[in-house]
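With CSV, C-alpha atoms inside, this is upload29.csv:
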```csv
chain,number,residue,atom,x,y,z
Z,1266,MET,CA,81.3,126.6,28.8
Z,1267,LEU,CA,79.4,129.4,30.6
Z,1268,GLU,CA,76.2,128.5,28.7
Z,1269,ARG,CA,76.6,124.8,29.8
Z,1270,GLU,CA,77.0,125.9,33.4
Z,1271,ARG,CA,73.9,128.1,33.2
Z,1272,LEU,CA,71.9,125.1,31.9
Z,1273,GLN,CA,73.2,122.7,34.5
Z,1274,GLY,CA,72.2,125.0,37.4
Z,1275,PRO,CA,68.5,124.8,37.0
Z,1276,VAL,CA,68.7,121.0,36.3
Z,1277,GLN,CA,70.6,120.4,39.5
Z,1278,TRP,CA,68.2,122.4,41.5
Z,1279,LEU,CA,65.3,120.5,39.9
Z,1280,GLY,CA,67.0,117.2,40.7
Z,1281,TRP,CA,67.6,118.3,44.3
Z,1282,ALA,CA,64.0,119.4,44.6
Z,1283,GLY,CA,62.9,116.0,43.4
Z,1284,VAL,CA,65.1,114.2,45.9
Z,1285,VAL,CA,63.9,116.4,48.7
Z,1286,SER,CA,60.2,115.7,47.7
Z,1287,LEU,CA,60.8,112.0,47.5
Z,1288,VAL,CA,62.5,111.9,50.9
Z,1289,SER,CA,59.6,114.0,52.3
Z,1290,LEU,CA,57.0,111.6,50.9
Z,1291,LEU,CA,58.9,108.6,52.3
Z,1292,GLY,CA,59.1,110.3,55.7
Z,1293,ALA,CA,55.4,111.2,55.7
Z,1294,ALA,CA,54.6,107.6,54.8
Z,1295,LEU,CA,56.8,106.3,57.6
Z,1296,ILE,CA,55.2,108.7,60.1
Z,1297,SER,CA,51.7,107.8,58.9
Z,1298,SER,CA,52.4,104.1,59.2
Z,1299,LEU,CA,53.8,104.6,62.7
Z,1300,ILE,CA,50.6,106.3,63.7
Z,1301,ASN,CA,48.1,104.2,61.8
Z,1302,LEU,CA,49.5,100.8,62.7
Z,1303,PRO,CA,48.7,101.1,66.5
Z,1304,LEU,CA,45.2,102.4,65.5
Z,1305,LYS,CA,44.7,99.4,63.2
Z,1306,ARG,CA,45.7,97.0,66.0
Z,1307,LEU,CA,43.4,98.8,68.4
Z,1308,ALA,CA,40.5,98.6,65.9
Z,1309,ALA,CA,41.1,94.9,65.2
Z,1310,ALA,CA,41.2,94.1,68.9
Z,1311,ALA,CA,38.0,96.0,69.5
Z,1312,THR,CA,36.4,94.1,66.7
Z,1313,ALA,CA,37.5,90.8,68.3
Z,1314,ILE,CA,35.9,91.7,71.6
Z,1315,ALA,CA,32.7,92.7,69.8
Z,1316,GLN,CA,32.7,89.2,68.2
Z,1317,GLY,CA,33.1,87.5,71.6
Z,1318,ARG,CA,36.9,86.7,71.2
Z,1319,ARG,CA,39.7,87.7,73.5
Z,1320,PRO,CA,42.4,89.6,71.5
Z,1321,ASP,CA,46.1,89.3,72.1
Z,1322,PRO,CA,47.5,92.0,74.3
Z,1323,LEU,CA,48.4,95.2,72.5
Z,1324,PRO,CA,52.1,96.2,72.6
Z,1325,GLU,CA,52.7,98.9,75.3
Z,1326,GLN,CA,55.4,100.7,73.4
Z,1327,GLY,CA,55.8,103.8,71.2
Z,1328,PRO,CA,54.7,107.3,71.9
Z,1329,ARG,CA,53.4,108.0,75.4
Z,1330,GLU,CA,49.7,108.5,74.3
Z,1331,ILE,CA,49.8,105.2,72.4
Z,1332,ARG,CA,51.3,103.4,75.4
Z,1333,GLN,CA,48.6,104.8,77.7
Z,1334,ALA,CA,45.8,103.9,75.3
Z,1335,ASN,CA,47.1,100.3,74.8
Z,1336,ARG,CA,47.7,99.9,78.5
Z,1337,SER,CA,44.2,101.0,79.3
Z,1338,PHE,CA,42.7,98.7,76.6
Z,1339,ASN,CA,44.7,95.7,77.9
Z,1340,GLN,CA,43.4,96.4,81.4
Z,1341,MET,CA,39.9,96.6,80.1
Z,1342,VAL,CA,40.2,93.2,78.4
Z,1343,ASP,CA,41.5,91.7,81.6
Z,1344,ASP,CA,38.6,93.3,83.5
Z,1345,LEU,CA,36.1,91.9,81.0
Z,1346,ALA,CA,37.6,88.4,81.3
Z,1347,GLN,CA,37.4,88.6,85.1
Z,1348,LEU,CA,33.8,89.8,84.8
Z,1349,GLU,CA,32.9,86.9,82.6
Z,1350,SER,CA,34.6,84.5,85.0
Z,1351,ASP,CA,32.7,86.0,88.0
Z,1352,ARG,CA,29.4,85.8,86.1
Z,1353,ALA,CA,30.0,82.1,85.3
Z,1354,VAL,CA,30.5,81.4,89.0
Z,1355,ILE,CA,27.4,83.5,89.9
Z,1356,LEU,CA,25.3,81.7,87.3
Z,1357,ALA,CA,26.4,78.3,88.6
Z,1358,GLY,CA,25.5,79.4,92.1
Z,1359,ILE,CA,22.1,80.7,91.1
Z,1360,SER,CA,21.3,77.5,89.3
Z,1361,HIS,CA,22.2,75.4,92.3
Z,1362,ASP,CA,20.8,77.6,95.0
Z,1363,LEU,CA,17.4,78.1,93.3
Z,1364,ARG,CA,16.9,74.6,91.8
Z,1365,THR,CA,17.8,72.8,95.0
Z,1366,PRO,CA,14.8,74.1,97.0
Z,1367,LEU,CA,12.6,73.6,93.9
Z,1368,ALA,CA,13.6,69.9,93.9
Z,1369,ARG,CA,12.7,69.7,97.6
Z,1370,MET,CA,9.4,71.4,96.9
Z,1371,GLN,CA,8.7,68.9,94.1
Z,1372,LEU,CA,9.5,66.0,96.5
Z,1373,GLU,CA,7.3,67.4,99.3
Z,1374,VAL,CA,4.4,67.9,96.9
Z,1375,GLU,CA,4.6,64.3,95.7
Z,1376,MET,CA,4.6,63.0,99.3
Z,1377,ALA,CA,2.0,65.4,100.6
Z,1378,ARG,CA,-1.6,64.3,101.0
Z,1379,LEU,CA,-3.2,66.5,98.3
Z,1380,SER,CA,-5.9,66.1,95.8
Z,1381,ASN,CA,-4.9,65.3,92.3
Z,1382,GLU,CA,-6.0,68.8,91.1
Z,1383,ALA,CA,-3.9,70.6,93.8
Z,1384,ARG,CA,-0.9,68.4,93.2
Z,1385,GLU,CA,-1.0,68.9,89.5
Z,1386,GLY,CA,-1.4,72.7,90.0
Z,1387,MET,CA,1.6,72.9,92.3
Z,1388,GLN,CA,3.8,70.7,90.1
Z,1389,SER,CA,2.9,72.9,87.1
Z,1390,ASP,CA,3.9,76.0,89.1
Z,1391,ILE,CA,7.2,74.4,90.1
Z,1392,ALA,CA,7.9,73.4,86.5
Z,1393,GLN,CA,7.1,76.9,85.3
Z,1394,MET,CA,9.6,78.4,87.9
Z,1395,ASP,CA,12.3,76.0,86.8
Z,1396,ALA,CA,11.7,76.9,83.1
Z,1397,ILE,CA,11.9,80.6,83.9
Z,1398,ILE,CA,15.2,80.1,85.8
Z,1399,ALA,CA,16.5,78.2,82.7
Z,1400,GLN,CA,15.5,81.1,80.5
Z,1401,PHE,CA,17.4,83.6,82.7
Z,1402,LEU,CA,20.5,81.4,82.7
Z,1403,ASP,CA,20.3,80.9,78.9
Z,1404,TYR,CA,20.0,84.7,78.4
Z,1405,ALA,CA,22.9,85.5,80.6
Z,1406,LYS,CA,25.2,82.6,79.5
Z,1407,PRO,CA,28.0,83.9,77.2
Z,1408,THR,CA,28.7,82.2,73.8
Z,1409,GLU,CA,32.5,81.7,73.6
Z,1410,ALA,CA,33.9,82.2,70.1
Z,1411,SER,CA,36.6,79.7,71.0
Z,1412,SER,CA,34.0,77.0,71.1
Z,1413,PHE,CA,33.0,77.6,67.5
Z,1414,ILE,CA,33.3,74.6,65.1
Z,1415,ASN,CA,32.2,73.7,61.6
Z,1416,VAL,CA,28.4,73.3,61.9
Z,1417,ASP,CA,26.3,71.7,59.3
Z,1418,MET,CA,23.1,73.8,59.6
Z,1419,GLY,CA,21.2,71.5,57.2
Z,1420,ALA,CA,21.8,68.5,59.4
Z,1421,LEU,CA,21.1,70.5,62.6
Z,1422,LEU,CA,17.8,71.8,61.2
Z,1423,ASP,CA,16.8,68.3,59.9
Z,1424,GLU,CA,17.4,66.9,63.4
Z,1425,THR,CA,15.5,69.7,65.1
Z,1426,ALA,CA,12.6,69.3,62.6
Z,1427,HIS,CA,12.5,65.5,63.2
Z,1428,GLU,CA,12.3,66.0,67.0
Z,1429,ALA,CA,9.6,68.7,66.6
Z,1430,SER,CA,7.5,66.4,64.4
Z,1431,ARG,CA,7.1,64.0,67.3
Z,1432,LEU,CA,4.8,66.6,69.0
Z,1433,PRO,CA,1.1,66.0,68.3
Z,1434,ASP,CA,0.4,69.6,67.6
Z,1435,VAL,CA,3.3,70.3,65.2
Z,1436,LYS,CA,3.7,69.7,61.5
Z,1437,VAL,CA,7.1,70.6,60.0
Z,1438,ASN,CA,7.9,71.1,56.3
Z,1439,THR,CA,11.6,71.3,55.4
Z,1440,GLU,CA,13.6,72.4,52.4
Z,1441,LEU,CA,17.3,72.0,53.3
Z,1442,SER,CA,20.5,72.3,51.4
Z,1443,ASP,CA,23.5,70.1,52.2
Z,1444,ARG,CA,25.9,73.0,51.7
Z,1445,CYS,CA,24.9,75.1,54.7
Z,1446,HIS,CA,28.1,75.0,56.7
Z,1447,ILE,CA,29.1,77.8,59.2
Z,1448,LEU,CA,31.4,78.4,62.2
Z,1449,GLY,CA,29.4,78.4,65.4
Z,1450,ASN,CA,28.4,76.7,68.6
Z,1451,SER,CA,26.1,73.8,67.7
Z,1452,THR,CA,24.4,73.7,71.1
Z,1453,ASP,CA,23.6,77.4,71.1
Z,1454,LEU,CA,22.4,77.3,67.5
Z,1455,LYS,CA,20.1,74.4,68.2
Z,1456,ARG,CA,18.7,76.3,71.2
Z,1457,VAL,CA,17.9,79.1,68.8
Z,1458,ILE,CA,16.0,76.9,66.4
Z,1459,ASN,CA,14.2,75.1,69.2
Z,1460,ASN,CA,13.1,78.5,70.6
Z,1461,LEU,CA,11.8,79.5,67.2
Z,1462,VAL,CA,9.9,76.2,66.8
Z,1463,GLU,CA,8.5,76.4,70.3
Z,1464,ASN,CA,7.4,80.0,69.7
Z,1465,ALA,CA,5.6,78.9,66.6
Z,1466,ARG,CA,4.1,75.9,68.4
Z,1467,ARG,CA,2.7,78.1,71.1
Z,1468,TYR,CA,1.6,81.2,69.2
Z,1469,GLY,CA,1.5,80.3,65.5
Z,1470,LYS,CA,-1.1,77.6,65.2
Z,1471,THR,CA,-2.9,77.6,61.9
Z,1472,PRO,CA,-6.3,79.4,62.4
Z,1473,GLY,CA,-9.2,76.9,62.8
Z,1474,THR,CA,-6.8,74.1,63.9
Z,1475,ASP,CA,-4.8,73.0,66.9
Z,1476,VAL,CA,-1.7,72.3,64.8
Z,1477,ALA,CA,1.2,74.6,64.2
Z,1478,GLU,CA,2.5,74.2,60.6
Z,1479,ILE,CA,6.1,75.2,60.5
Z,1480,ASP,CA,8.2,75.7,57.4
Z,1481,ILE,CA,12.0,75.4,57.8
Z,1482,ARG,CA,14.4,76.2,55.0
Z,1483,CYS,CA,18.1,76.5,54.6
Z,1484,SER,CA,20.0,77.8,51.5
Z,1485,VAL,CA,23.3,79.3,50.5
Z,1486,LYS,CA,23.5,82.7,48.7
Z,1487,GLY,CA,26.4,84.5,47.2
Z,1488,MET,CA,29.8,83.5,45.9
Z,1489,HIS,CA,33.2,82.6,47.5
Z,1490,THR,CA,34.0,84.9,50.5
Z,1491,ALA,CA,30.6,86.6,50.2
Z,1492,LYS,CA,28.6,83.4,50.7
Z,1493,ARG,CA,25.8,83.5,53.3
Z,1494,VAL,CA,23.7,80.8,54.8
Z,1495,ILE,CA,20.0,81.7,54.9
Z,1496,VAL,CA,17.8,80.0,57.5
Z,1497,GLU,CA,14.1,80.7,57.4
Z,1498,VAL,CA,11.5,79.5,60.0
Z,1499,GLN,CA,7.9,80.4,59.2
Z,1500,ASP,CA,4.5,79.6,60.7
Z,1501,HIS,CA,1.0,79.8,59.3
Z,1502,GLY,CA,-0.6,81.6,62.3
Z,1503,VAL,CA,-2.2,85.0,62.6
Z,1504,GLY,CA,1.1,86.9,62.7
Z,1505,VAL,CA,1.8,90.0,64.8
Z,1506,PRO,CA,0.6,93.6,64.3
Z,1507,GLU,CA,3.2,95.5,62.3
Z,1508,GLU,CA,3.8,98.1,65.0
Z,1509,GLN,CA,4.6,95.4,67.6
Z,1510,ILE,CA,7.1,93.3,65.5
Z,1511,GLY,CA,10.0,95.4,66.8
Z,1512,GLN,CA,9.0,94.6,70.4
Z,1513,LEU,CA,9.3,90.8,70.0
Z,1514,LEU,CA,13.1,90.6,70.6
Z,1515,LYS,CA,13.1,92.8,73.6
Z,1516,PRO,CA,13.6,90.9,76.9
Z,1517,PHE,CA,10.8,90.7,79.4
Z,1518,THR,CA,8.3,92.0,76.8
Z,1519,ARG,CA,4.7,90.8,77.1
Z,1520,LEU,CA,2.5,91.6,74.1
Z,1521,ASP,CA,-1.2,92.0,74.8
Z,1522,THR,CA,-2.2,90.5,71.5
Z,1523,ALA,CA,-0.7,87.7,69.5
Z,1524,ARG,CA,2.3,85.8,70.8
Z,1525,SER,CA,1.8,86.7,74.4
Z,1526,GLN,CA,4.5,85.5,76.8
Z,1527,ALA,CA,2.1,84.7,79.6
Z,1528,ASN,CA,3.7,81.3,80.2
Z,1529,GLY,CA,7.3,82.4,80.4
Z,1530,ALA,CA,9.6,85.2,81.3
Z,1531,GLY,CA,9.5,86.8,77.9
Z,1532,LEU,CA,13.1,85.8,77.1
Z,1533,GLY,CA,12.7,83.1,74.4
Z,1534,LEU,CA,13.2,85.4,71.4
Z,1535,ALA,CA,15.6,87.7,73.3
Z,1536,ILE,CA,17.8,84.6,73.7
Z,1537,VAL,CA,17.6,83.9,70.0
Z,1538,ASP,CA,18.7,87.5,69.2
Z,1539,ARG,CA,21.5,87.4,71.7
Z,1540,VAL,CA,23.0,84.2,70.5
Z,1541,LEU,CA,22.8,85.2,66.9
Z,1542,GLN,CA,24.5,88.5,67.6
Z,1543,ARG,CA,27.4,86.6,69.0
Z,1544,HIS,CA,27.6,84.5,65.9
Z,1545,GLY,CA,27.8,87.6,63.7
Z,1546,ALA,CA,24.4,86.8,62.2
Z,1547,GLU,CA,21.5,89.0,61.1
Z,1548,LEU,CA,17.9,88.4,62.2
Z,1549,HIS,CA,15.0,89.7,60.3
Z,1550,LEU,CA,11.4,89.4,61.4
Z,1551,ALA,CA,8.3,90.0,59.2
Z,1552,ASN,CA,4.8,88.9,58.8
Z,1553,ARG,CA,4.6,86.1,56.2
Z,1554,ASP,CA,2.6,86.5,53.0
Z,1555,GLY,CA,-0.6,84.5,53.6
Z,1556,GLY,CA,-0.4,84.8,57.4
Z,1557,GLY,CA,2.0,83.9,60.1
Z,1558,LEU,CA,5.4,85.1,61.1
Z,1559,GLU,CA,8.8,84.6,59.4
Z,1560,PHE,CA,12.2,84.6,61.0
Z,1561,ARG,CA,15.0,85.0,58.5
Z,1562,ILE,CA,18.6,84.3,59.8
Z,1563,THR,CA,21.7,85.3,57.7
Z,1564,LEU,CA,25.0,83.7,58.8
Z,1565,PRO,CA,28.5,83.9,57.3
Z,1566,ALA,CA,29.1,80.6,55.4
Z,1567,ILE,CA,32.4,78.7,55.4
Z,1568,ALA,CA,34.0,79.3,52.1
```
Could I get this file's structure written as C-alpha cells?
Amino acid sequence: MLERERLQGPVQWLGWAGVVSLVSLLGAALISSLINLPLKRLAAAATAIAQGRRPDPLPEQGPREIRQANRSFNQMVDDLAQLESDRAVILAGISHDLRTPLARMQLEVEMARLSNEAREGMQSDIAQMDAIIAQFLDYAKPTEASSFINVDMGALLDETAHEASRLPDVKVNTELSDRCHILGNSTDLKRVINNLVENARRYGKTPGTDVAEIDIRCSVKGMHTAKRVIVEVQDHGVGVPEEQIGQLLKPFTRLDTARSQANGAGLGLAIVDRVLQRHGAELHLANRDGGGLEFRITLPAIA
C-alpha cells in the first residue's frame, strides 16, 4: 500500500503539471488571438485603402489602446473620403471654369478677321491648352475600385488597335489571347493603352520612315490563383537612353533626347503608371531588342 501511494504521488503531480501546461497554452493562445485579431483587421483595412477601396469601420471596442487606434483609423478613412469628394468637386469646377473661357476664345478666333496662318496658330494653342487641362484632370482623377468589372483585355486591345490603325502614320500588329480577363475599370484601362499608343506614335516612329509600327500582345501566364495577364506594347523607334528610362513615368518630366514631351504637360505616362497602380498592376519599361521601347503590364487575372 505504501509503495503504491509513493508511485501515485509523482504520477499525480505529473498529471497536474500537464493540465496546468495545457491551460497555460490555451490561455496564451486566447490572449494572442485577442491581440492579433485587431491587428489583422487593421492590416486588412490598410490594404483595402491602398487598393482604392473603402474598408468597413473597425470595431471601437476592446483594450483602450486598440479602441484609440481603431477610432483614429476610422476618422482617417472618413477624412480621406471627404477629401476625395472635395477633390471631385474641385476638378469639376476647374474643368468648367477653364474650358468655358477657352470655348469663348475659340469662338472669338473663328469670328475675328485674321489671316489663315494666325487663326490656325491660335486654334492650335487653344487646342493644346485644352489637352493639357485634360491631362491634369486625368492625372488627378481617382479610380474607384467599386467601379471595377470583368474586363476582356483581349477585346479592349483589339478595339484600341483597330482605332489606332485608322491613323495614317500608325501600323499595329496584334497577338491577342481570348482568355485575358481581369477586374478593372474599362474606361481607365483603355485610356492607359491609348496613352501608350499615342506615346509610340509621337516618339517611336521607325527610323527612316514616318510610320510608327506598334506591336500589341496579350497573354495569360501561371495557373489558377496565380494567373496573370501580360500586356505588351512595343514600338520600333530609337528607344530611350538607359539612364533616362526611370524618368519616363515621373510627372512633368521633359527629356532632352528621345520621347520629349514638348507638346504636352509630361503627364501621359504618369497617368498610365497612376491608373495601373490603382489596378494592382506592375509596369516594366525596357528598351526593346532591335530598337524601340517596350511597356510590359502585369495584371491579376480572374481565375
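Atom CA of Lys1470 of chain Z lies 29.5 Å from atom CA of Arg1384 of chain Z.
Nearest-residue note for Val1435 of chain Z: choosing from Z:Ala1535, Z:Leu1454, Z:Ala1477, Z:Leu1402, the minimum distance belongs to Z:Ala1477, counting only C-alpha atoms.
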| field | Spatial neighbours of Gln1388 of chain Z, 12 Å, all atoms listed in the file, chain gap at least 4 places, as a ChimeraX atom specification | value | /Z:1367-1375,1377,1379,1381-1384,1392-1395
| task | Could you give me, as a PyMOL selection string, the residues that sit within 12 Å of (24.6, 86.9, 52.2) in the file's coordinates, counting all atoms listed in the file? | result | chain Z and resi 1484-1496+1545-1547+1561-1567
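Proximity of Z:Glu1508, Z:Thr1425, Z:Pro1303, Z:Gly1557 to Pro1328 of chain Z, computed with all atoms listed in the file, is greatest for Z:Pro1303.
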| said: Using all atoms listed in the file, can you tell me which of Z:Leu1541, Z:Val1416, Z:Ala1426, Z:Val1503 comes closest to Ile1479 of chain Z? | reply: Z:Ala1426
| request: Could you please determine the separation between atom CA of Asp1434 of chain Z and atom CA of Gly1502 of chain Z in Å, to one decimal place? | output: 13.2 Å
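Rounded to one decimal, atom CA of Glu1507 of chain Z and atom CA of Asn1552 of chain Z lie 7.6 Å from each other.
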| field | Selection: 12 Å around Ala1551 of chain Z, all atoms listed in the file, excl. self and same-chain fewer than 2 positions, as a ChimeraX atom specification | value | /Z:1497-1500,1504-1511,1513,1548-1549,1553-1562
| Residues within 9 Å of (49.2, 93.5, 73.9), counting all atoms listed in the file, listed as a PyMOL selection string | chain Z and resi 1320-1325+1335-1336+1338-1339
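The closest residue to Ala1315 of chain Z, picked from Z:Ile1458, Z:Arg1466, Z:Asn1450, Z:Val1342 and counting all atoms listed in the file, is Z:Val1342.
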| request: Pick out the closest residue to Ile1331 of chain Z from this set: Z:Leu1304, Z:Ile1355, Z:Lys1515, Z:Ala1311. Count all atoms listed in the file. | output: Z:Leu1304
| said: My list of candidates is Z:Arg1467, Z:Leu1422, Z:Ile1414, Z:Arg1482. Which is closest to Glu1440 of chain Z when distances are computed with only C-alpha atoms? | reply: Z:Arg1482
Would you save segment 1345-1356 of chain Z from the block above with all heavy atoms, as a PDB file, in the first residue's frame?
```pdb
ATOM      1  N   LEU Z1345     -10.335  60.888 -45.512  1.00  0.00           N
ATOM      2  CA  LEU Z1345      -9.910  60.609 -46.878  1.00  0.00           C
ATOM      3  C   LEU Z1345     -11.099  60.607 -47.836  1.00  0.00           C
ATOM      4  O   LEU Z1345     -10.993  61.103 -48.968  1.00  0.00           O
ATOM      5  CB  LEU Z1345      -9.192  59.254 -46.934  1.00  0.00           C
ATOM      6  CG  LEU Z1345      -7.797  59.196 -46.321  1.00  0.00           C
ATOM      7  CD1 LEU Z1345      -7.260  57.767 -46.331  1.00  0.00           C
ATOM      8  CD2 LEU Z1345      -6.829  60.117 -47.062  1.00  0.00           C
ATOM      9  N   ALA Z1346     -12.229  60.039 -47.388  1.00  0.00           N
ATOM     10  CA  ALA Z1346     -13.434  60.034 -48.219  1.00  0.00           C
ATOM     11  C   ALA Z1346     -13.907  61.464 -48.489  1.00  0.00           C
ATOM     12  O   ALA Z1346     -14.305  61.804 -49.611  1.00  0.00           O
ATOM     13  CB  ALA Z1346     -14.535  59.220 -47.555  1.00  0.00           C
ATOM     14  N   GLN Z1347     -13.851  62.306 -47.457  1.00  0.00           N
ATOM     15  CA  GLN Z1347     -14.260  63.700 -47.633  1.00  0.00           C
ATOM     16  C   GLN Z1347     -13.296  64.431 -48.561  1.00  0.00           C
ATOM     17  O   GLN Z1347     -13.703  65.238 -49.401  1.00  0.00           O
ATOM     18  CB  GLN Z1347     -14.298  64.403 -46.271  1.00  0.00           C
ATOM     19  CG  GLN Z1347     -14.785  65.844 -46.327  1.00  0.00           C
ATOM     20  CD  GLN Z1347     -16.206  65.951 -46.848  1.00  0.00           C
ATOM     21  OE1 GLN Z1347     -17.080  65.208 -46.405  1.00  0.00           O
ATOM     22  NE2 GLN Z1347     -16.447  66.875 -47.765  1.00  0.00           N
ATOM     23  N   LEU Z1348     -12.002  64.100 -48.442  1.00  0.00           N
ATOM     24  CA  LEU Z1348     -11.007  64.717 -49.313  1.00  0.00           C
ATOM     25  C   LEU Z1348     -11.245  64.343 -50.769  1.00  0.00           C
ATOM     26  O   LEU Z1348     -11.149  65.190 -51.668  1.00  0.00           O
ATOM     27  CB  LEU Z1348      -9.604  64.272 -48.874  1.00  0.00           C
ATOM     28  CG  LEU Z1348      -8.423  64.874 -49.641  1.00  0.00           C
ATOM     29  CD1 LEU Z1348      -8.370  66.381 -49.451  1.00  0.00           C
ATOM     30  CD2 LEU Z1348      -7.115  64.249 -49.164  1.00  0.00           C
ATOM     31  N   GLU Z1349     -11.569  63.057 -51.014  1.00  0.00           N
ATOM     32  CA  GLU Z1349     -11.856  62.619 -52.379  1.00  0.00           C
ATOM     33  C   GLU Z1349     -13.087  63.326 -52.931  1.00  0.00           C
ATOM     34  O   GLU Z1349     -13.126  63.715 -54.094  1.00  0.00           O
ATOM     35  CB  GLU Z1349     -12.067  61.099 -52.405  1.00  0.00           C
ATOM     36  CG  GLU Z1349     -10.809  60.289 -52.191  1.00  0.00           C
ATOM     37  CD  GLU Z1349      -9.844  60.381 -53.354  1.00  0.00           C
ATOM     38  OE1 GLU Z1349     -10.289  60.722 -54.468  1.00  0.00           O
ATOM     39  OE2 GLU Z1349      -8.647  60.129 -53.150  1.00  0.00           O
ATOM     40  N   SER Z1350     -14.103  63.482 -52.064  1.00  0.00           N
ATOM     41  CA  SER Z1350     -15.315  64.175 -52.501  1.00  0.00           C
ATOM     42  C   SER Z1350     -15.020  65.633 -52.839  1.00  0.00           C
ATOM     43  O   SER Z1350     -15.482  66.153 -53.868  1.00  0.00           O
ATOM     44  CB  SER Z1350     -16.378  64.088 -51.399  1.00  0.00           C
ATOM     45  OG  SER Z1350     -17.541  64.811 -51.755  1.00  0.00           O
ATOM     46  N   ASP Z1351     -14.247  66.299 -51.982  1.00  0.00           N
ATOM     47  CA  ASP Z1351     -13.890  67.700 -52.237  1.00  0.00           C
ATOM     48  C   ASP Z1351     -13.063  67.822 -53.514  1.00  0.00           C
ATOM     49  O   ASP Z1351     -13.242  68.769 -54.292  1.00  0.00           O
ATOM     50  CB  ASP Z1351     -13.105  68.268 -51.049  1.00  0.00           C
ATOM     51  CG  ASP Z1351     -13.956  68.385 -49.798  1.00  0.00           C
ATOM     52  OD1 ASP Z1351     -15.195  68.343 -49.910  1.00  0.00           O
ATOM     53  OD2 ASP Z1351     -13.370  68.500 -48.696  1.00  0.00           O
ATOM     54  N   ARG Z1352     -12.168  66.855 -53.734  1.00  0.00           N
ATOM     55  CA  ARG Z1352     -11.331  66.920 -54.928  1.00  0.00           C
ATOM     56  C   ARG Z1352     -12.165  66.749 -56.188  1.00  0.00           C
ATOM     57  O   ARG Z1352     -11.906  67.401 -57.211  1.00  0.00           O
ATOM     58  CB  ARG Z1352     -10.237  65.849 -54.874  1.00  0.00           C
ATOM     59  CG  ARG Z1352      -9.266  65.943 -56.028  1.00  0.00           C
ATOM     60  CD  ARG Z1352      -8.066  65.052 -55.842  1.00  0.00           C
ATOM     61  NE  ARG Z1352      -8.401  63.637 -55.878  1.00  0.00           N
ATOM     62  CZ  ARG Z1352      -7.483  62.675 -55.939  1.00  0.00           C
ATOM     63  NH1 ARG Z1352      -6.202  62.984 -55.934  1.00  0.00           N
ATOM     64  NH2 ARG Z1352      -7.849  61.411 -55.975  1.00  0.00           N
ATOM     65  N   ALA Z1353     -13.172  65.867 -56.122  1.00  0.00           N
ATOM     66  CA  ALA Z1353     -14.045  65.684 -57.281  1.00  0.00           C
ATOM     67  C   ALA Z1353     -14.771  66.981 -57.624  1.00  0.00           C
ATOM     68  O   ALA Z1353     -14.900  67.345 -58.800  1.00  0.00           O
ATOM     69  CB  ALA Z1353     -15.044  64.566 -57.009  1.00  0.00           C
ATOM     70  N   VAL Z1354     -15.231  67.692 -56.583  1.00  0.00           N
ATOM     71  CA  VAL Z1354     -15.920  68.973 -56.807  1.00  0.00           C
ATOM     72  C   VAL Z1354     -14.950  69.997 -57.399  1.00  0.00           C
ATOM     73  O   VAL Z1354     -15.284  70.736 -58.332  1.00  0.00           O
ATOM     74  CB  VAL Z1354     -16.523  69.487 -55.492  1.00  0.00           C
ATOM     75  CG1 VAL Z1354     -17.099  70.890 -55.677  1.00  0.00           C
ATOM     76  CG2 VAL Z1354     -17.619  68.544 -55.004  1.00  0.00           C
ATOM     77  N   ILE Z1355     -13.731  70.038 -56.863  1.00  0.00           N
ATOM     78  CA  ILE Z1355     -12.735  70.987 -57.356  1.00  0.00           C
ATOM     79  C   ILE Z1355     -12.388  70.694 -58.817  1.00  0.00           C
ATOM     80  O   ILE Z1355     -12.276  71.611 -59.647  1.00  0.00           O
ATOM     81  CB  ILE Z1355     -11.471  70.936 -56.473  1.00  0.00           C
ATOM     82  CG1 ILE Z1355     -11.784  71.496 -55.087  1.00  0.00           C
ATOM     83  CG2 ILE Z1355     -10.336  71.726 -57.109  1.00  0.00           C
ATOM     84  CD1 ILE Z1355     -10.657  71.320 -54.090  1.00  0.00           C
ATOM     85  N   LEU Z1356     -12.221  69.407 -59.138  1.00  0.00           N
ATOM     86  CA  LEU Z1356     -11.890  69.040 -60.517  1.00  0.00           C
ATOM     87  C   LEU Z1356     -13.000  69.449 -61.476  1.00  0.00           C
ATOM     88  O   LEU Z1356     -12.734  69.945 -62.574  1.00  0.00           O
ATOM     89  CB  LEU Z1356     -11.645  67.534 -60.612  1.00  0.00           C
ATOM     90  CG  LEU Z1356     -10.361  67.010 -59.961  1.00  0.00           C
ATOM     91  CD1 LEU Z1356     -10.311  65.500 -60.049  1.00  0.00           C
ATOM     92  CD2 LEU Z1356      -9.139  67.624 -60.618  1.00  0.00           C
TER      93      LEU Z1356
END
```
